[in-house]
Structure formats: structure tokens, C-alpha cells
>>> print(open('structure.txt').read())   # compact mmCIF, C-alpha atoms and all ligand atoms
# COMPACT_ATOMS: atom_id res chain seq x y z
CA MET Z 1 -25.73 -6.17 5.73
CA MET Z 2 -23.23 -8.24 3.77
CA ALA Z 3 -20.43 -9.91 5.67
CA ILE Z 4 -16.99 -8.47 6.09
CA GLU Z 5 -14.31 -10.91 4.99
CA LEU Z 6 -10.65 -10.44 5.78
CA TYR Z 7 -7.65 -12.21 4.32
CA HIS Z 8 -4.96 -11.83 6.94
CA ALA Z 9 -1.96 -13.59 8.43
CA SER Z 10 -1.10 -14.44 12.02
CA GLU Z 11 1.31 -12.00 13.60
CA SER Z 12 1.28 -9.76 10.52
CA LEU Z 13 1.66 -6.13 11.49
CA CYS Z 14 -0.53 -4.77 8.70
CA SER Z 15 -3.24 -7.35 9.42
CA GLN Z 16 -3.15 -6.38 13.10
CA LYS Z 17 -3.93 -2.74 12.24
CA VAL Z 18 -7.16 -3.85 10.55
CA LYS Z 19 -8.05 -6.39 13.23
CA LEU Z 20 -7.67 -3.65 15.87
CA VAL Z 21 -10.20 -1.45 14.06
CA LEU Z 22 -12.62 -4.36 13.63
CA ALA Z 23 -12.32 -4.99 17.37
CA GLU Z 24 -12.68 -1.29 18.31
CA LYS Z 25 -15.92 -1.23 16.33
CA GLU Z 26 -17.00 -4.65 17.61
CA LEU Z 27 -17.64 -5.86 14.08
CA GLN Z 28 -18.14 -9.51 13.14
CA TRP Z 29 -15.99 -10.71 10.28
CA LYS Z 30 -15.17 -13.85 8.38
CA SER Z 31 -11.55 -14.89 8.64
CA HIS Z 32 -9.41 -16.24 5.79
CA LEU Z 33 -6.06 -17.05 7.32
CA VAL Z 34 -3.20 -16.87 4.81
CA ASN Z 35 0.03 -18.77 5.57
CA LEU Z 36 2.88 -16.48 4.57
CA LEU Z 37 5.43 -19.20 5.38
CA THR Z 38 4.02 -21.54 2.76
CA PHE Z 39 3.71 -18.58 0.37
CA GLU Z 40 -0.06 -18.82 0.00
CA ASN Z 41 0.04 -15.07 -0.63
CA LEU Z 42 1.99 -15.69 -3.84
CA GLN Z 43 -0.43 -18.22 -5.30
CA PRO Z 44 -2.18 -17.05 -8.49
CA SER Z 45 -5.65 -17.09 -6.90
CA TYR Z 46 -4.46 -14.71 -4.16
CA MET Z 47 -2.41 -12.52 -6.52
CA GLN Z 48 -5.61 -12.02 -8.53
CA LEU Z 49 -7.30 -10.69 -5.42
CA ASN Z 50 -4.33 -8.68 -4.15
CA PRO Z 51 -1.93 -7.84 -7.01
CA LYS Z 52 0.94 -7.10 -4.59
CA GLY Z 53 0.61 -10.51 -2.96
CA VAL Z 54 0.38 -9.10 0.56
CA VAL Z 55 -2.05 -9.26 3.45
CA PRO Z 56 -4.47 -7.83 4.47
CA THR Z 57 -7.25 -7.82 1.88
CA LEU Z 58 -10.80 -6.84 2.82
CA LEU Z 59 -13.92 -7.96 0.95
CA HIS Z 60 -17.12 -6.08 1.60
CA GLU Z 61 -20.25 -5.60 -0.53
CA GLY Z 62 -18.44 -6.65 -3.68
CA ARG Z 63 -15.45 -4.38 -3.02
CA VAL Z 64 -11.90 -5.63 -2.68
CA ILE Z 65 -9.62 -3.32 -0.68
CA THR Z 66 -5.96 -4.10 -0.36
CA ASP Z 67 -4.02 -1.68 1.78
CA SER Z 68 -4.29 -1.62 5.57
CA VAL Z 69 -4.66 2.16 5.87
CA THR Z 70 -7.21 2.31 3.04
CA ILE Z 71 -9.06 -0.56 4.73
CA ILE Z 72 -9.23 1.09 8.15
CA ARG Z 73 -10.41 4.38 6.65
CA TYR Z 74 -13.04 2.47 4.67
CA LEU Z 75 -14.22 0.61 7.78
CA ASN Z 76 -14.51 3.88 9.63
CA GLU Z 77 -16.68 5.35 6.86
CA GLN Z 78 -18.91 2.32 6.53
CA PHE Z 79 -19.23 1.70 10.27
CA PRO Z 80 -18.98 5.11 11.93
CA HIS Z 81 -19.65 3.92 15.51
CA PRO Z 82 -17.49 4.70 17.33
CA LEU Z 83 -16.02 7.34 15.05
CA LEU Z 84 -12.24 6.94 14.88
CA ILE Z 85 -11.50 10.13 12.94
CA PRO Z 86 -11.55 13.51 14.72
CA THR Z 87 -14.24 15.94 13.59
CA ASP Z 88 -11.91 18.97 13.74
CA PRO Z 89 -10.14 19.31 10.35
CA ALA Z 90 -6.89 20.41 12.05
CA LEU Z 91 -6.91 17.21 14.10
CA GLN Z 92 -7.75 15.21 10.97
CA GLU Z 93 -4.60 16.60 9.41
CA ARG Z 94 -2.64 15.68 12.47
CA MET Z 95 -4.06 12.16 12.29
CA ASP Z 96 -3.01 11.86 8.64
CA ARG Z 97 0.51 12.99 9.54
CA TRP Z 98 0.87 10.40 12.31
CA ILE Z 99 -0.45 7.64 10.07
CA ASP Z 100 1.99 8.77 7.42
CA VAL Z 101 4.99 8.72 9.76
CA GLN Z 102 4.54 5.01 10.49
CA ASN Z 103 3.61 4.20 6.88
CA ARG Z 104 6.85 5.70 5.57
CA PHE Z 105 8.99 3.93 8.15
CA PRO Z 106 10.36 0.68 6.64
CA MET Z 107 9.10 -1.62 9.40
CA ARG Z 108 9.41 -4.68 7.20
CA GLU Z 109 13.16 -4.25 6.75
CA VAL Z 110 13.63 -3.29 10.40
CA MET Z 111 11.74 -6.37 11.60
CA TYR Z 112 13.30 -8.92 9.27
CA GLY Z 113 16.73 -7.39 9.78
CA ASN Z 114 16.55 -7.38 13.58
CA TYR Z 115 14.77 -10.57 14.57
CA ARG Z 116 17.20 -12.93 16.27
CA SER Z 117 17.31 -16.71 16.89
CA ILE Z 118 15.05 -19.15 15.11
CA GLU Z 119 12.36 -16.57 14.36
CA GLY Z 120 14.85 -14.38 12.47
CA ALA Z 121 16.32 -17.35 10.64
CA VAL Z 122 12.88 -18.55 9.49
CA LEU Z 123 11.76 -15.12 8.35
CA ARG Z 124 14.95 -14.28 6.46
CA ARG Z 125 15.03 -17.67 4.80
CA SER Z 126 11.41 -17.24 3.73
CA VAL Z 127 12.37 -14.04 1.88
CA GLN Z 128 15.22 -15.85 0.10
CA MET Z 129 12.80 -18.56 -0.92
CA LYS Z 130 10.35 -16.03 -2.32
CA GLU Z 131 13.13 -14.74 -4.55
CA LYS Z 132 13.60 -18.25 -5.98
CA LEU Z 133 9.91 -19.06 -6.21
CA LEU Z 134 8.71 -15.93 -7.97
CA PRO Z 135 10.43 -16.52 -11.35
CA GLN Z 136 8.87 -20.00 -11.43
CA LEU Z 137 5.44 -18.61 -10.66
CA MET Z 138 5.94 -15.95 -13.31
CA GLN Z 139 6.72 -18.54 -15.92
CA ALA Z 140 3.83 -20.80 -14.96
CA ASN Z 141 1.31 -17.92 -14.89
CA PRO Z 142 1.99 -15.61 -17.84
CA GLU Z 143 -1.32 -13.79 -17.29
CA LEU Z 144 0.09 -12.51 -13.96
CA ARG Z 145 3.53 -11.73 -15.32
CA GLN Z 146 3.45 -8.03 -14.43
CA GLN Z 147 2.36 -8.60 -10.85
CA TYR Z 148 4.96 -11.31 -10.29
CA ALA Z 149 7.71 -9.18 -11.87
CA ALA Z 150 6.87 -6.26 -9.57
CA LYS Z 151 6.77 -8.58 -6.56
CA LEU Z 152 10.14 -10.08 -7.50
CA GLU Z 153 11.71 -6.64 -7.73
CA ASP Z 154 10.32 -5.72 -4.32
CA VAL Z 155 11.48 -9.01 -2.76
CA GLN Z 156 15.00 -8.58 -4.19
CA GLN Z 157 15.28 -5.16 -2.58
CA TRP Z 158 13.88 -6.56 0.69
CA ASN Z 159 16.34 -9.46 0.68
CA ARG Z 160 19.30 -7.18 -0.01
CA ALA Z 161 18.34 -4.76 2.76
CA ILE Z 162 17.94 -7.36 5.51
CA HIS Z 163 21.37 -8.83 4.82
CA ASN Z 164 23.05 -5.44 4.82
CA ALA Z 165 24.16 -4.74 8.41
CA ASP Z 166 24.94 -1.07 7.65
CA GLU Z 167 21.53 -0.47 6.17
CA ILE Z 168 19.80 -2.09 9.14
CA ALA Z 169 21.95 -0.04 11.54
CA ASN Z 170 20.95 3.13 9.63
CA LEU Z 171 17.28 2.23 9.88
CA ASN Z 172 17.62 1.37 13.57
CA ALA Z 173 19.13 4.79 14.18
CA LYS Z 174 15.90 6.36 12.90
CA ILE Z 175 13.77 4.68 15.55
CA ALA Z 176 14.79 6.88 18.51
CA PRO Z 177 14.05 10.25 16.80
CA MET Z 178 10.66 8.91 15.74
CA LEU Z 179 9.90 7.87 19.32
CA ASP Z 180 11.04 11.28 20.54
CA GLN Z 181 8.49 12.90 18.24
CA LEU Z 182 5.81 10.68 19.75
CA GLU Z 183 6.98 11.49 23.27
CA ALA Z 184 6.73 15.23 22.54
CA GLN Z 185 3.14 14.83 21.31
CA LEU Z 186 2.07 12.51 24.11
CA SER Z 187 3.45 14.80 26.79
CA GLN Z 188 0.75 17.24 25.64
CA THR Z 189 -2.23 15.05 24.76
CA THR Z 190 -3.67 11.73 25.96
CA TRP Z 191 -4.00 10.38 22.42
CA LEU Z 192 -2.11 11.36 19.29
CA CYS Z 193 -4.92 13.61 18.09
CA GLY Z 194 -6.12 15.13 21.34
CA ASN Z 195 -8.64 13.69 23.76
CA HIS Z 196 -10.11 11.06 21.47
CA TYR Z 197 -8.69 7.76 20.39
CA SER Z 198 -8.33 7.73 16.57
CA LEU Z 199 -7.02 5.61 13.70
CA ALA Z 200 -3.58 7.12 14.35
CA ASP Z 201 -3.57 5.43 17.76
CA THR Z 202 -4.70 2.17 16.17
CA VAL Z 203 -1.82 1.95 13.72
CA TRP Z 204 0.72 3.00 16.35
CA THR Z 205 -0.57 0.28 18.70
CA ALA Z 206 0.59 -2.36 16.25
CA VAL Z 207 3.86 -0.59 15.40
CA LEU Z 208 4.93 0.23 18.97
CA ASN Z 209 4.06 -3.23 20.19
CA ARG Z 210 6.22 -4.70 17.44
CA LEU Z 211 9.15 -2.34 18.00
CA ASP Z 212 8.95 -3.19 21.69
CA LYS Z 213 9.56 -6.86 20.83
CA PHE Z 214 13.10 -6.44 19.60
CA ASN Z 215 14.20 -3.11 20.92
CA ASP Z 216 13.96 -2.33 24.61
CA LEU Z 217 12.18 0.94 24.10
CA TRP Z 218 11.92 1.89 27.74
CA ALA Z 219 15.37 0.85 28.95
CA ASP Z 220 16.64 4.42 29.29
CA GLN Z 221 13.35 5.62 30.89
CA THR Z 222 13.51 8.81 28.86
CA ARG Z 223 10.05 8.52 27.34
CA PRO Z 224 7.57 8.23 30.21
CA ALA Z 225 4.61 9.62 28.24
CA LEU Z 226 5.12 7.12 25.43
CA ASN Z 227 5.53 4.30 27.92
CA SER Z 228 2.25 5.05 29.66
CA TYR Z 229 0.56 5.57 26.26
CA LEU Z 230 1.58 2.07 25.17
CA ASN Z 231 0.30 0.65 28.46
CA GLN Z 232 -3.04 2.37 27.85
CA LEU Z 233 -3.20 0.98 24.33
CA LYS Z 234 -2.46 -2.50 25.64
CA SER Z 235 -5.22 -2.30 28.22
CA ARG Z 236 -7.91 -1.79 25.56
CA PRO Z 237 -10.03 -4.87 24.76
CA SER Z 238 -9.05 -4.45 21.09
CA PHE Z 239 -5.41 -5.20 21.95
CA ASN Z 240 -6.33 -8.54 23.40
CA ALA Z 241 -8.65 -9.42 20.52
CA ALA Z 242 -6.34 -8.34 17.71
CA ILE Z 243 -2.79 -8.77 19.00
CA GLN Z 244 -2.49 -10.70 22.25
CA SER Z 245 -4.42 -13.68 20.92
CA ASP Z 246 -2.89 -13.45 17.44
CA ARG Z 247 -0.77 -16.62 17.39
CA MET Z 248 -0.17 -18.77 14.36
CA PRO Z 249 -2.08 -22.06 14.73
CA LEU Z 250 0.41 -24.89 15.34
CA PRO Z 251 -0.41 -26.97 12.23
CA MET Z 252 0.08 -23.87 10.10
CA LEU Z 253 3.39 -23.08 11.79
CA LEU Z 254 4.59 -26.65 11.30
CA SER Z 255 3.74 -26.66 7.62
CA GLY Z 256 5.48 -23.29 7.34
CA LEU Z 257 8.64 -24.58 9.00
CA ARG Z 258 8.59 -27.69 6.80
CA ARG Z 259 8.31 -25.50 3.73
CA VAL Z 260 10.97 -23.01 4.73
CA PHE Z 261 13.57 -25.50 5.99
CA LEU Z 262 12.88 -28.61 3.95
CA GLY Z 263 11.34 -27.04 0.87
CA MET Z 264 8.31 -29.37 1.10
N1 LIG Z 301 1.11 -1.34 2.40
C1 LIG Z 301 0.58 -2.64 2.69
C2 LIG Z 301 1.71 -3.56 3.09
C3 LIG Z 301 1.22 -4.97 3.32
C4 LIG Z 301 2.36 -5.93 3.72
O1 LIG Z 301 3.54 -5.68 3.43
N2 LIG Z 301 1.97 -7.05 4.34
C5 LIG Z 301 2.94 -8.05 4.78
C6 LIG Z 301 2.53 -8.59 6.12
S1 LIG Z 301 2.51 -7.34 7.37
C7 LIG Z 301 2.95 -9.21 3.80
O2 LIG Z 301 1.92 -9.60 3.29
N3 LIG Z 301 4.12 -9.79 3.56
C8 LIG Z 301 4.30 -10.92 2.70
C9 LIG Z 301 5.03 -10.60 1.43
O3 LIG Z 301 5.27 -9.43 1.11
O4 LIG Z 301 5.38 -11.55 0.71
C10 LIG Z 301 -0.49 -2.53 3.78
O5 LIG Z 301 -0.34 -1.62 4.64
O6 LIG Z 301 -1.45 -3.29 3.78
>>> encode(input="structure.txt", output="C-alpha cells", more="lines below")
Ligand SMILES: N[C@@H](CCC(=O)N[C@@H](CS)C(=O)NCC(=O)O)C(=O)O
Amino acid sequence: MMAIELYHASESLCSQKVKLVLAEKELQWKSHLVNLLTFENLQPSYMQLNPKGVVPTLLHEGRVITDSVTIIRYLNEQFPHPLLIPTDPALQERMDRWIDVQNRFPMREVMYGNYRSIEGAVLRRSVQMKEKLLPQLMQANPELRQQYAAKLEDVQQWNRAIHNADEIANLNAKIAPMLDQLEAQLSQTTWLCGNHYSLADTVWTAVLNRLDKFNDLWADQTRPALNSYLNQLKSRPSFNAAIQSDRMPLPMLLSGLRRVFLGM
């Protein structure tokens, strides 16, 4: 069997979704840690691998797969034990819907718009810097012009959104109804798709854990089923392997801070 290689970043939500599945399936993988704060993801060699310049990217048996949901579905097909997709087609549809709900929610804008203190300052400044850096990269690498142009457009929209307090407030207002939907489901079933843990639970582990960081989800105590669901997710060994221990190595963080604040 050829090795699984994963390009990922510390504390990246989309990377965590894949790392959770790797841990659930107890798979060995080779790690390529990408420093988003020094913009390694925008370097030509990485853009060639992942045209959107984002993490994660999976390499396996000569295939390059670049979207977290496509990657986790692929891993489930290639390594079916334990199976993380329900066998009942109706439940499969339900799983797709739950995956879709979190995929359509603009977590990136919500996170970068809501983070406070130094963390928020670093992250927002890094997006501003991307906007400056991308035209230079585009000019220096004409063969990747299209990719860089698309990335620049995306980053401009991202930068605008996170500095627009009304837009962030609008997005924040969508969190509670989404959690209510989850509460309604979880008052009826242990997991999102019935009695078996599935890929829908994996992706929501990463999303709920992240939302919980900057929004006191349980303050009003109105979602007891969701609260106990998140506690169950956190007690799985995969949570520890993929999220709890997912801290940026100090030298990487320091070079990131140097780059973001001093431009070096
Ligand atoms: N749809 C993609 C989104 C990937 C994504 O946005 N990754 C973030 C980290 S969670 C990233 O690489 N951000 C850096 C950037 O966009 O410059 C997926 O699910 O894999």
C-alpha cells in the first residue's frame, strides 16, 4: 500500500476534518505542515499542487485531492473500516445534507471576523498581506496567472467581509438557527444520521468545536442535546489526535508572526 500524504496546516478547520477521519480509521500518514502565516500555501510549488492555494491536499497512489469533503469521502472509499457512511440510502441523503449545511456556511468569514485580541489581529492582517502579495506572485509567475487571479479575487472578497461589521453581524445571526436545526435532529438520534457515527459527525466536530471557541454556544442552556453531542464527540480518541493536540509548532508560529507584523 502506498503512503497517504497530507498537506495541512495547524489549527486549520478544513485540515482538522481530514485529520479526524484519518484518526477514526487509525491510518498512518505522512505530514507536510504548511505555514499559512508565512504564505507557504501561495508559493508556486504549492499552487501547482492545489490551484486554490488552500489546505488540505491529499496525495495517495498518484492522486492529488484538494477539497476536505472530497478527501474524506475518498478516504472512506479506499479504507472502508470502519465505514463512515450509512448503508441506508435515506440516511446517506441525510448525511449529504448535514455535510452541505456546514459547507455552505461561511465559517472563514465568521472566524476571521469574530476572533478578538492578538489572534484576530494576526489573522486579519495576514489576509490584508495576501491581497498585497498576490499581484506580485502573479507577475513573477505568469504560468500561474489564472490561479493567482482567482485567488486574489477570493481574498479581496474575504478581506472586505471581515472588515464589514454589518456583514459579520448578519452571518453571526445565522449561527443560532443552524444550531437549532442540529438540536432538533440530535433530540431524536444519537448521531446526525441515526445510531452510527458518520462523516457528517466528523465535519461537525471540527465546526462546532471552532464555533464554541468564540461564541458561548451553551450559555443559554437551550440546546442540551447539542451540548451532550459535542461532549461525546470530544471524548472520542480522534478528537484528541486531530484537534486537541493540533497546535502550531513554536518556531513556525514565530516565523509567522515575524512575517505578518514585520514583513520579514
Ligand atoms: N473548500 C476547501 C476550503 C479550504 C480552505 O479554505 N482552507 C483554509 C484553511 S481551513 C486555507 O487554506 N486558507 C488559506 C488561504 O485561503 O489562503 C476545503 O474544504 O478543503
>>> residues_near_ligand(input="structure.txt", ligand="ligand LIG 301 (chain Z)", cutoff="10 Å", atoms="only C-alpha atoms and all ligand atoms", output="PyMOL selection string")
chain Z and resi 7-18+34-37+39-42+50+52-57+65-72+103-104+106-108+126-127+130-131+151-152+154-155+158+203
>>> residues_around(input="structure.txt", residues="segment 220-236 of chain Z", least_positions_apart="3", cutoff="6 Å", atoms="all atoms listed in the file", output="NGL selection string")
:Z and (183 or 186-187 or 239)
>>> closest_residue(input="structure.txt", among="Z:Leu254, Z:Ile243, Z:Ala200, Z:Ala150", to="Asp96 of chain Z", atoms="all atoms listed in the file")
Z:Ala200
>>> atom_distance(input="structure.txt", atom1="atom CA of Pro51 of chain Z", atom2="atom CA of Gln146 of chain Z")
9.2 Å
>>> atom_distance(input="structure.txt", atom1="atom CA of Asn141 of chain Z", atom2="atom CA of Tyr46 of chain Z")
12.6 Å
>>> atom_distance(input="structure.txt", atom1="atom CA of Gly256 of chain Z", atom2="atom CA of Leu27 of chain Z")
29.7 Å
>>> residues_around(input="structure.txt", residues="Pro86 of chain Z", least_positions_apart="2", cutoff="12 Å", atoms="all atoms listed in the file", output="ChimeraX atom specification")
/Z:76,80,82-84,88-96,191-201
>>> closest_residue(input="structure.txt", among="Z:Val110, Z:Val101, Z:Leu253, Z:Leu33", to="Ala161 of chain Z", atoms="all atoms listed in the file")
Z:Val110
>>> closest_residue(input="structure.txt", among="Z:Pro237, Z:Arg247, Z:Ser45, Z:Leu171", to="Leu137 of chain Z", atoms="all atoms listed in the file")
Z:Ser45
>>> closest_residue(input="structure.txt", among="Z:Pro177, Z:Leu20, Z:Met138, Z:Lys132", to="Asn240 of chain Z", atoms="only C-alpha atoms")
Z:Leu20
>>> closest_residue(input="structure.txt", among="Z:Arg160, Z:Lys213, Z:Arg97, Z:Lys25", to="Phe79 of chain Z", atoms="all atoms listed in the file")
Z:Lys25
>>> residues_around(input="structure.txt", residues="Gln28 of chain Z", least_positions_apart="6", cutoff="9 Å", atoms="all atoms listed in the file", output="PyMOL selection string")
chain Z and resi 3-4+22
>>> closest_residue(input="structure.txt", among="Z:Thr202, Z:Gln136, Z:Ser238, Z:Gln188", to="Glu24 of chain Z", atoms="all atoms listed in the file")
Z:Ser238
>>> decode(input="structure.txt", residues="segment 11-22 of chain Z", atoms="N, CA, C and O atoms", output="compact mmCIF listing (two decimals), in the first residue's frame")
# COMPACT_ATOMS: atom_id res chain seq x y z
N GLU Z 11 -4.19 24.01 13.24
CA GLU Z 11 -5.40 24.74 13.62
C GLU Z 11 -6.27 25.15 12.44
O GLU Z 11 -7.08 26.07 12.54
N SER Z 12 -6.08 24.49 11.30
CA SER Z 12 -6.95 24.78 10.14
C SER Z 12 -8.17 23.87 10.21
O SER Z 12 -8.05 22.64 10.33
N LEU Z 13 -9.33 24.52 10.15
CA LEU Z 13 -10.59 23.79 10.28
C LEU Z 13 -10.73 22.68 9.23
O LEU Z 13 -11.09 21.54 9.55
N CYS Z 14 -10.43 23.03 7.98
CA CYS Z 14 -10.61 22.03 6.90
C CYS Z 14 -9.61 20.90 7.04
O CYS Z 14 -9.92 19.74 6.74
N SER Z 15 -8.39 21.22 7.51
CA SER Z 15 -7.41 20.16 7.74
C SER Z 15 -7.88 19.25 8.86
O SER Z 15 -7.71 18.01 8.80
N GLN Z 16 -8.49 19.85 9.89
CA GLN Z 16 -8.93 19.04 11.03
C GLN Z 16 -9.99 18.01 10.62
O GLN Z 16 -10.01 16.89 11.13
N LYS Z 17 -10.84 18.38 9.66
CA LYS Z 17 -11.87 17.42 9.21
C LYS Z 17 -11.20 16.15 8.67
O LYS Z 17 -11.62 15.03 8.95
N VAL Z 18 -10.14 16.35 7.89
CA VAL Z 18 -9.44 15.20 7.29
C VAL Z 18 -8.66 14.44 8.37
O VAL Z 18 -8.70 13.20 8.42
N LYS Z 19 -8.02 15.17 9.27
CA LYS Z 19 -7.23 14.50 10.31
C LYS Z 19 -8.14 13.68 11.23
O LYS Z 19 -7.73 12.63 11.73
N LEU Z 20 -9.37 14.15 11.43
CA LEU Z 20 -10.32 13.37 12.24
C LEU Z 20 -10.63 12.03 11.57
O LEU Z 20 -10.65 10.99 12.24
N VAL Z 21 -10.85 12.07 10.26
CA VAL Z 21 -11.17 10.81 9.55
C VAL Z 21 -9.96 9.87 9.57
O VAL Z 21 -10.10 8.67 9.79
N LEU Z 22 -8.78 10.42 9.36
CA LEU Z 22 -7.57 9.59 9.41
C LEU Z 22 -7.45 8.92 10.78
O LEU Z 22 -7.11 7.74 10.89
